[in-house]
Amino acid sequence: MANRDLFDVCKKYKDPELVKSFNLYPFFKSLSASDGPVVEYDGREIVMLGSNNYLGLTHHPRVMKAAHDALERFGTGCTGSRFLNGNLSLHEQLEQELAEFTGKDDALVFSSGFLANSGALSCLGSIKGAVVFSEAENHGSIIDGVRLAKGETRVFDDLDHLEQLMSDGDPDGEGWAHALVVSDAVFSMTGRVMDVKRLAELRRRFGFKLYLDDAHGLGVLGPQGRGTAAHYGVMDDIDVLFGTFSKSFASLGGFVAGDKDVINYLRHHARTVIFSAGLPPASVAAALESLRVMQEEPEIFERLWDNVEYFRNGLHDIGFDTMGSWTPILPLYVGPESIAFRFVKDALDMGVFATPVIYPAQPYQQALIRTSVTPSLTRDHLDKALDVLRVLHRQLSRHTKLK
Ligand SMILES: Cc1ncc(COP(=O)(O)O)c(C=O)c1O
């Protein structure tokens with residue numbers, strides 16, 4: 001039955017209050033300061049294990065200076081769409097260097113990663129005759145972009161399923177040049193890495209276009225952080241490469257890179273470019289300087305991978321199942337949602353910030369704790385975190401069957 005008053009649903013929505021009444025509410029934690037690896041919460045210093053700051057560049061002197069300089073030169077905001085009054089030389093410089101970095105013809109910068117995915121996919125998926133195939137666990141910005149697309153859309157569970165859909169759906173062998181296959185490269189909650197090599201082989205066999213969201217792989221995997229496709233040596237098979245600046249690039253914003261005609265089409269049709277204000281100067285400059293740091297300071301990657309190995313080994317010694325992740329995202333399987341809430345609360349009380357991954361991001365009652373490692377965490381930080389996690393593992397294994 002329809003609601004008599006539209007807002008009745010809102011008034012009756014009390015789930016957060018219920019969790020708060022147990023003092024277990026884990027969301028919207030208000031941080032009052034940050035130096036990257038350590039944040040201030042409730043007047044205390046907390047080791048941050050919950051960020052996407054994979055290269056620790058949010059506080060890198062070069063990146064901070066570039067942001068300051070841009071602020072001085074251009075002011076605080078673009079006050080309009082790039083399409084009209086808000087396009088800066090800095091946006092175009094960033095696009096040019098991103099195109100070079102990814103080995104693509106051109107790139108287009110959007111004001112967030114979410115806007116890049118939702119704008120690019122809704123646009124490409126609305127081209128007459130388009131069919132979009134989207135991986136079942138893709139990020140919400142992909143799901144929404146695909147939902148907005150006017151063409152046909154299908155969801156595939158894994159690459160066997162995609163292969164089957166492609167074979168069964170084309171009995172006459174006409175090919176799939178009108179299809180766009182979209183997938184995350186690194187899944188944000190579990191660190192699962194898509195087999196992009198096989199995806200590239202399927203592309204060659206079936207002739208579809210391939211859109212890869214490498215939000216968590218760019219700046220992390222591959223030489224100089226050139227991403228998951230570069231790691232697998234199949235960058236030329238990616239028709240549209242998506243990246244975001246909100247993780248390794250230490251900023252805000254997102255981009256797609258690809259063939260010049262495709263990028264030009266998006267530049268003039270993607271509604272999230274045309275009807276949304278341009279990325280602010282300081283954010284553009286921070287992303288641009290991060291991109292340069294990635295290419296000029298290889299020791300950052302050495303520190304990152306040293307830390308990932310050290311922390312992952314420590315977690316395994318404690319007895320945690322990290323679900324096979326070999327990326328800086330290290331999930332800890334805990335099971336029931338209530339246990340996940342208790343876990344992050346106790347961790348925070350003991351000085352460690354980690355995030356719960358609950359339904360619908362994970363199947364119901366198969367909650368995870370997401371931890372992630374950055375190069376700016378010192379051995380002391382990691383040891384402190386491991387000490388806390390050891391205590392929590394001991395406590396929780398009494399209440400639940402940790403995998
Ligand atoms: C896989 C993936 N794609 C896209 C996005 C959206 O990026 P942003 O947060 O920069 O808008 C995210 C970030 O949560 C992500 O994890």
# chains A, B, ... in the order shown; residues from 1 in each chain; ligands from 1

call {"tool": "residues_around", "arguments": {"residues": "region 223-239 of chain A", "least_positions_apart": "2", "cutoff": "8 Å", "atoms": "only C-alpha atoms", "output": "JSON, numbers by chain"}}
result
{"A": [101, 102, 103, 185, 186, 196, 197, 200, 203, 204, 209, 210, 211, 212, 214, 217, 218, 219, 220, 221, 241, 258, 259, 294, 295, 298, 301]}

call {"tool": "write_last_selection", "arguments": {"atoms": "N, CA and C atoms", "output": "short mmCIF file (atom, residue, chain, number, x, y, z; two decimals), in the first residue's frame"}}
result
data_model
loop_
_atom_site.label_atom_id
_atom_site.label_comp_id
_atom_site.auth_asym_id
_atom_site.auth_seq_id
_atom_site.Cartn_x
_atom_site.Cartn_y
_atom_site.Cartn_z
N PHE A 101 49.94 8.96 -18.85
CA PHE A 101 50.18 7.95 -17.81
C PHE A 101 49.49 6.63 -18.16
N THR A 102 48.28 6.73 -18.70
CA THR A 102 47.50 5.52 -18.98
C THR A 102 47.73 5.01 -20.40
N GLY A 103 48.48 5.77 -21.19
CA GLY A 103 48.75 5.35 -22.57
C GLY A 103 47.52 5.46 -23.47
N ALA A 185 38.05 -3.37 -11.24
CA ALA A 185 39.29 -4.13 -11.38
C ALA A 185 39.70 -4.70 -10.02
N VAL A 186 39.58 -3.88 -8.97
CA VAL A 186 39.85 -4.33 -7.61
C VAL A 186 38.58 -4.02 -6.81
N VAL A 196 41.65 -9.53 -15.14
CA VAL A 196 41.54 -8.60 -16.28
C VAL A 196 42.18 -9.21 -17.54
N LYS A 197 43.11 -10.14 -17.32
CA LYS A 197 43.73 -10.79 -18.47
C LYS A 197 42.69 -11.61 -19.23
N ALA A 200 40.27 -9.43 -20.99
CA ALA A 200 40.85 -8.92 -22.24
C ALA A 200 40.78 -9.99 -23.34
N ARG A 203 37.34 -10.09 -24.58
CA ARG A 203 37.10 -8.92 -25.45
C ARG A 203 37.59 -9.21 -26.87
N ARG A 204 38.78 -9.80 -26.95
CA ARG A 204 39.33 -10.08 -28.29
C ARG A 204 38.47 -11.12 -29.03
N LYS A 209 33.28 -3.84 -26.20
CA LYS A 209 34.09 -2.75 -25.67
C LYS A 209 34.23 -2.97 -24.16
N LEU A 210 35.38 -2.61 -23.65
CA LEU A 210 35.65 -2.91 -22.23
C LEU A 210 35.88 -1.63 -21.43
N TYR A 211 35.09 -1.48 -20.35
CA TYR A 211 35.18 -0.32 -19.44
C TYR A 211 35.66 -0.86 -18.10
N LEU A 212 36.82 -0.41 -17.66
CA LEU A 212 37.39 -0.93 -16.42
C LEU A 212 37.46 0.16 -15.35
N ASP A 214 39.16 1.21 -12.29
CA ASP A 214 40.37 0.85 -11.55
C ASP A 214 40.60 1.80 -10.37
N GLY A 217 43.06 0.20 -8.07
CA GLY A 217 44.26 -0.39 -8.67
C GLY A 217 45.21 0.68 -9.18
N LEU A 218 44.65 1.80 -9.67
CA LEU A 218 45.52 2.89 -10.15
C LEU A 218 46.27 3.50 -8.98
N GLY A 219 47.55 3.71 -9.16
CA GLY A 219 48.36 4.23 -8.06
C GLY A 219 48.77 3.15 -7.09
N VAL A 220 48.39 1.90 -7.36
CA VAL A 220 48.74 0.82 -6.44
C VAL A 220 49.43 -0.32 -7.21
N LEU A 221 48.72 -0.88 -8.19
CA LEU A 221 49.24 -2.04 -8.92
C LEU A 221 49.95 -1.59 -10.21
N LEU A 241 39.11 3.53 -19.50
CA LEU A 241 39.69 3.28 -18.18
C LEU A 241 39.18 4.36 -17.23
N GLY A 258 40.56 7.24 -22.71
CA GLY A 258 40.28 6.32 -23.82
C GLY A 258 40.56 6.99 -25.15
N ASP A 259 39.94 6.40 -26.17
CA ASP A 259 40.06 6.90 -27.54
C ASP A 259 39.57 8.35 -27.63
N MET A 294 53.93 9.77 -8.07
CA MET A 294 53.91 8.33 -8.38
C MET A 294 55.01 7.95 -9.36
N GLN A 295 55.25 8.86 -10.31
CA GLN A 295 56.22 8.54 -11.36
C GLN A 295 57.65 8.89 -10.95
N PRO A 298 59.76 6.27 -6.55
CA PRO A 298 59.46 4.83 -6.48
C PRO A 298 59.52 4.26 -5.07
N PHE A 301 56.28 3.15 -3.33
CA PHE A 301 55.73 1.83 -3.60
C PHE A 301 56.45 0.76 -2.79
#

call {"tool": "residues_near_ligand", "arguments": {"ligand": "ligand 1", "cutoff": "8 Å", "atoms": "only C-alpha atoms and all ligand atoms", "output": "PDB file with N, CA, C and O atoms, in the first residue's frame"}}
result
ATOM      1  N   SER A 112      33.801  14.130  -9.329  1.00  0.00           N
ATOM      2  CA  SER A 112      34.029  13.036  -8.372  1.00  0.00           C
ATOM      3  C   SER A 112      34.081  11.742  -9.166  1.00  0.00           C
ATOM      4  O   SER A 112      33.660  11.697 -10.345  1.00  0.00           O
ATOM      5  N   GLY A 113      34.566  10.691  -8.519  1.00  0.00           N
ATOM      6  CA  GLY A 113      34.573   9.382  -9.177  1.00  0.00           C
ATOM      7  C   GLY A 113      33.150   8.935  -9.456  1.00  0.00           C
ATOM      8  O   GLY A 113      32.848   8.388 -10.522  1.00  0.00           O
ATOM      9  N   PHE A 114      32.272   9.179  -8.503  1.00  0.00           N
ATOM     10  CA  PHE A 114      30.875   8.775  -8.668  1.00  0.00           C
ATOM     11  C   PHE A 114      30.278   9.451  -9.905  1.00  0.00           C
ATOM     12  O   PHE A 114      29.602   8.815 -10.719  1.00  0.00           O
ATOM     13  N   LEU A 115      30.565  10.730 -10.049  1.00  0.00           N
ATOM     14  CA  LEU A 115      30.030  11.462 -11.209  1.00  0.00           C
ATOM     15  C   LEU A 115      30.654  10.967 -12.519  1.00  0.00           C
ATOM     16  O   LEU A 115      30.001  10.982 -13.566  1.00  0.00           O
ATOM     17  N   ALA A 116      31.909  10.529 -12.452  1.00  0.00           N
ATOM     18  CA  ALA A 116      32.567  10.025 -13.672  1.00  0.00           C
ATOM     19  C   ALA A 116      31.896   8.732 -14.121  1.00  0.00           C
ATOM     20  O   ALA A 116      31.517   8.579 -15.288  1.00  0.00           O
ATOM     21  N   ASN A 117      31.727   7.791 -13.202  1.00  0.00           N
ATOM     22  CA  ASN A 117      31.094   6.522 -13.577  1.00  0.00           C
ATOM     23  C   ASN A 117      29.641   6.718 -13.984  1.00  0.00           C
ATOM     24  O   ASN A 117      29.204   6.215 -15.018  1.00  0.00           O
ATOM     25  N   ASN A 138      29.800  -4.867  -8.880  1.00  0.00           N
ATOM     26  CA  ASN A 138      30.348  -3.545  -9.226  1.00  0.00           C
ATOM     27  C   ASN A 138      29.928  -2.464  -8.222  1.00  0.00           C
ATOM     28  O   ASN A 138      28.896  -2.583  -7.549  1.00  0.00           O
ATOM     29  N   HIS A 139      30.721  -1.414  -8.191  1.00  0.00           N
ATOM     30  CA  HIS A 139      30.482  -0.282  -7.280  1.00  0.00           C
ATOM     31  C   HIS A 139      29.135   0.400  -7.575  1.00  0.00           C
ATOM     32  O   HIS A 139      28.662   0.401  -8.722  1.00  0.00           O
ATOM     33  N   GLY A 140      28.572   1.024  -6.535  1.00  0.00           N
ATOM     34  CA  GLY A 140      27.279   1.694  -6.657  1.00  0.00           C
ATOM     35  C   GLY A 140      27.230   2.745  -7.766  1.00  0.00           C
ATOM     36  O   GLY A 140      26.181   2.939  -8.401  1.00  0.00           O
ATOM     37  N   SER A 141      28.343   3.411  -8.020  1.00  0.00           N
ATOM     38  CA  SER A 141      28.345   4.447  -9.060  1.00  0.00           C
ATOM     39  C   SER A 141      28.196   3.813 -10.444  1.00  0.00           C
ATOM     40  O   SER A 141      27.649   4.435 -11.369  1.00  0.00           O
ATOM     41  N   ILE A 142      28.668   2.577 -10.593  1.00  0.00           N
ATOM     42  CA  ILE A 142      28.485   1.863 -11.864  1.00  0.00           C
ATOM     43  C   ILE A 142      27.030   1.413 -11.961  1.00  0.00           C
ATOM     44  O   ILE A 142      26.370   1.594 -12.996  1.00  0.00           O
ATOM     45  N   ASP A 184      34.603  -3.591 -12.094  1.00  0.00           N
ATOM     46  CA  ASP A 184      35.641  -3.130 -11.171  1.00  0.00           C
ATOM     47  C   ASP A 184      36.892  -3.956 -11.437  1.00  0.00           C
ATOM     48  O   ASP A 184      36.788  -5.143 -11.787  1.00  0.00           O
ATOM     49  N   ALA A 185      38.052  -3.368 -11.240  1.00  0.00           N
ATOM     50  CA  ALA A 185      39.294  -4.130 -11.376  1.00  0.00           C
ATOM     51  C   ALA A 185      39.700  -4.699 -10.022  1.00  0.00           C
ATOM     52  O   ALA A 185      40.124  -5.852  -9.919  1.00  0.00           O
ATOM     53  N   VAL A 186      39.577  -3.876  -8.973  1.00  0.00           N
ATOM     54  CA  VAL A 186      39.845  -4.332  -7.607  1.00  0.00           C
ATOM     55  C   VAL A 186      38.575  -4.020  -6.811  1.00  0.00           C
ATOM     56  O   VAL A 186      38.135  -2.871  -6.788  1.00  0.00           O
ATOM     57  N   PHE A 187      37.988  -5.035  -6.208  1.00  0.00           N
ATOM     58  CA  PHE A 187      36.727  -4.825  -5.490  1.00  0.00           C
ATOM     59  C   PHE A 187      37.036  -4.216  -4.127  1.00  0.00           C
ATOM     60  O   PHE A 187      37.890  -4.707  -3.387  1.00  0.00           O
ATOM     61  N   SER A 188      36.328  -3.108  -3.848  1.00  0.00           N
ATOM     62  CA  SER A 188      36.784  -2.203  -2.801  1.00  0.00           C
ATOM     63  C   SER A 188      36.710  -2.774  -1.389  1.00  0.00           C
ATOM     64  O   SER A 188      37.451  -2.346  -0.519  1.00  0.00           O
ATOM     65  N   ASP A 213      36.817  -0.096 -14.206  1.00  0.00           N
ATOM     66  CA  ASP A 213      36.894   0.825 -13.061  1.00  0.00           C
ATOM     67  C   ASP A 213      38.095   0.410 -12.226  1.00  0.00           C
ATOM     68  O   ASP A 213      38.061  -0.620 -11.542  1.00  0.00           O
ATOM     69  N   ASP A 214      39.159   1.208 -12.288  1.00  0.00           N
ATOM     70  CA  ASP A 214      40.373   0.846 -11.547  1.00  0.00           C
ATOM     71  C   ASP A 214      40.603   1.797 -10.367  1.00  0.00           C
ATOM     72  O   ASP A 214      41.748   2.177 -10.069  1.00  0.00           O
ATOM     73  N   ALA A 215      39.512   2.133  -9.682  1.00  0.00           N
ATOM     74  CA  ALA A 215      39.590   3.048  -8.535  1.00  0.00           C
ATOM     75  C   ALA A 215      40.653   2.604  -7.528  1.00  0.00           C
ATOM     76  O   ALA A 215      41.404   3.432  -6.997  1.00  0.00           O
ATOM     77  N   HIS A 216      40.713   1.301  -7.262  1.00  0.00           N
ATOM     78  CA  HIS A 216      41.618   0.812  -6.211  1.00  0.00           C
ATOM     79  C   HIS A 216      42.895   0.180  -6.762  1.00  0.00           C
ATOM     80  O   HIS A 216      43.707  -0.323  -5.992  1.00  0.00           O
ATOM     81  N   GLY A 243      39.291   6.087 -13.405  1.00  0.00           N
ATOM     82  CA  GLY A 243      40.060   6.212 -12.166  1.00  0.00           C
ATOM     83  C   GLY A 243      39.450   7.293 -11.294  1.00  0.00           C
ATOM     84  O   GLY A 243      38.678   8.135 -11.770  1.00  0.00           O
ATOM     85  N   THR A 244      39.771   7.250 -10.026  1.00  0.00           N
ATOM     86  CA  THR A 244      39.280   8.301  -9.127  1.00  0.00           C
ATOM     87  C   THR A 244      40.460   8.938  -8.405  1.00  0.00           C
ATOM     88  O   THR A 244      41.507   8.305  -8.229  1.00  0.00           O
ATOM     89  N   PHE A 245      40.295  10.186  -7.996  1.00  0.00           N
ATOM     90  CA  PHE A 245      41.369  10.882  -7.273  1.00  0.00           C
ATOM     91  C   PHE A 245      41.190  10.767  -5.761  1.00  0.00           C
ATOM     92  O   PHE A 245      41.970  11.326  -4.997  1.00  0.00           O
ATOM     93  N   SER A 246      40.140  10.070  -5.325  1.00  0.00           N
ATOM     94  CA  SER A 246      39.834  10.064  -3.889  1.00  0.00           C
ATOM     95  C   SER A 246      40.586   8.979  -3.123  1.00  0.00           C
ATOM     96  O   SER A 246      40.352   8.793  -1.938  1.00  0.00           O
ATOM     97  N   LYS A 247      41.494   8.291  -3.812  1.00  0.00           N
ATOM     98  CA  LYS A 247      42.226   7.225  -3.123  1.00  0.00           C
ATOM     99  C   LYS A 247      43.730   7.510  -3.252  1.00  0.00           C
ATOM    100  O   LYS A 247      44.223   8.411  -2.589  1.00  0.00           O
ATOM    101  N   LEU A 252      40.062  14.648  -4.616  1.00  0.00           N
ATOM    102  CA  LEU A 252      38.668  14.363  -4.936  1.00  0.00           C
ATOM    103  C   LEU A 252      38.554  14.516  -6.447  1.00  0.00           C
ATOM    104  O   LEU A 252      39.280  15.299  -7.042  1.00  0.00           O
ATOM    105  N   GLY A 253      37.620  13.805  -7.067  1.00  0.00           N
ATOM    106  CA  GLY A 253      37.467  13.899  -8.514  1.00  0.00           C
ATOM    107  C   GLY A 253      37.663  12.537  -9.145  1.00  0.00           C
ATOM    108  O   GLY A 253      38.061  11.573  -8.475  1.00  0.00           O
ATOM    109  N   GLY A 254      37.359  12.456 -10.423  1.00  0.00           N
ATOM    110  CA  GLY A 254      37.539  11.191 -11.131  1.00  0.00           C
ATOM    111  C   GLY A 254      37.779  11.463 -12.597  1.00  0.00           C
ATOM    112  O   GLY A 254      37.684  12.608 -13.056  1.00  0.00           O
TER     113      GLY A 254
END

call {"tool": "closest_atom_pairs", "arguments": {"of": "region 166-271 of chain A", "to": "region 316-338 of chain A", "cutoff": "8 Å", "atoms": "only C-alpha atoms", "output": "JSON lines"}}
result
{"residue": "A:Ser188", "atom": "CA", "partner": "A:Ile329", "partner_atom": "CA", "distance": 7.5}
{"residue": "A:Met189", "atom": "CA", "partner": "A:Pro331", "partner_atom": "CA", "distance": 7.1}
{"residue": "A:Thr190", "atom": "CA", "partner": "A:Pro331", "partner_atom": "CA", "distance": 5.5}
{"residue": "A:Gly191", "atom": "CA", "partner": "A:Ile329", "partner_atom": "CA", "distance": 5.1}
{"residue": "A:Arg192", "atom": "CA", "partner": "A:Ser325", "partner_atom": "CA", "distance": 6.0}
{"residue": "A:Val193", "atom": "CA", "partner": "A:Ser325", "partner_atom": "CA", "distance": 7.9}

call {"tool": "residues_around", "arguments": {"residues": "Asp380 (chain A)", "least_positions_apart": "4", "cutoff": "12 Å", "atoms": "only C-alpha atoms", "output": "ChimeraX atom specification"}}
result
/A:37-38,47,307,310-311,376,384-387

call {"tool": "residues_around", "arguments": {"residues": "Leu94 (chain A)", "least_positions_apart": "4", "cutoff": "12 Å", "atoms": "only C-alpha atoms", "output": "PyMOL selection string"}}
result
chain A and resi 87-90+98-101+106-110+245+249+253-257+279+281+283-292
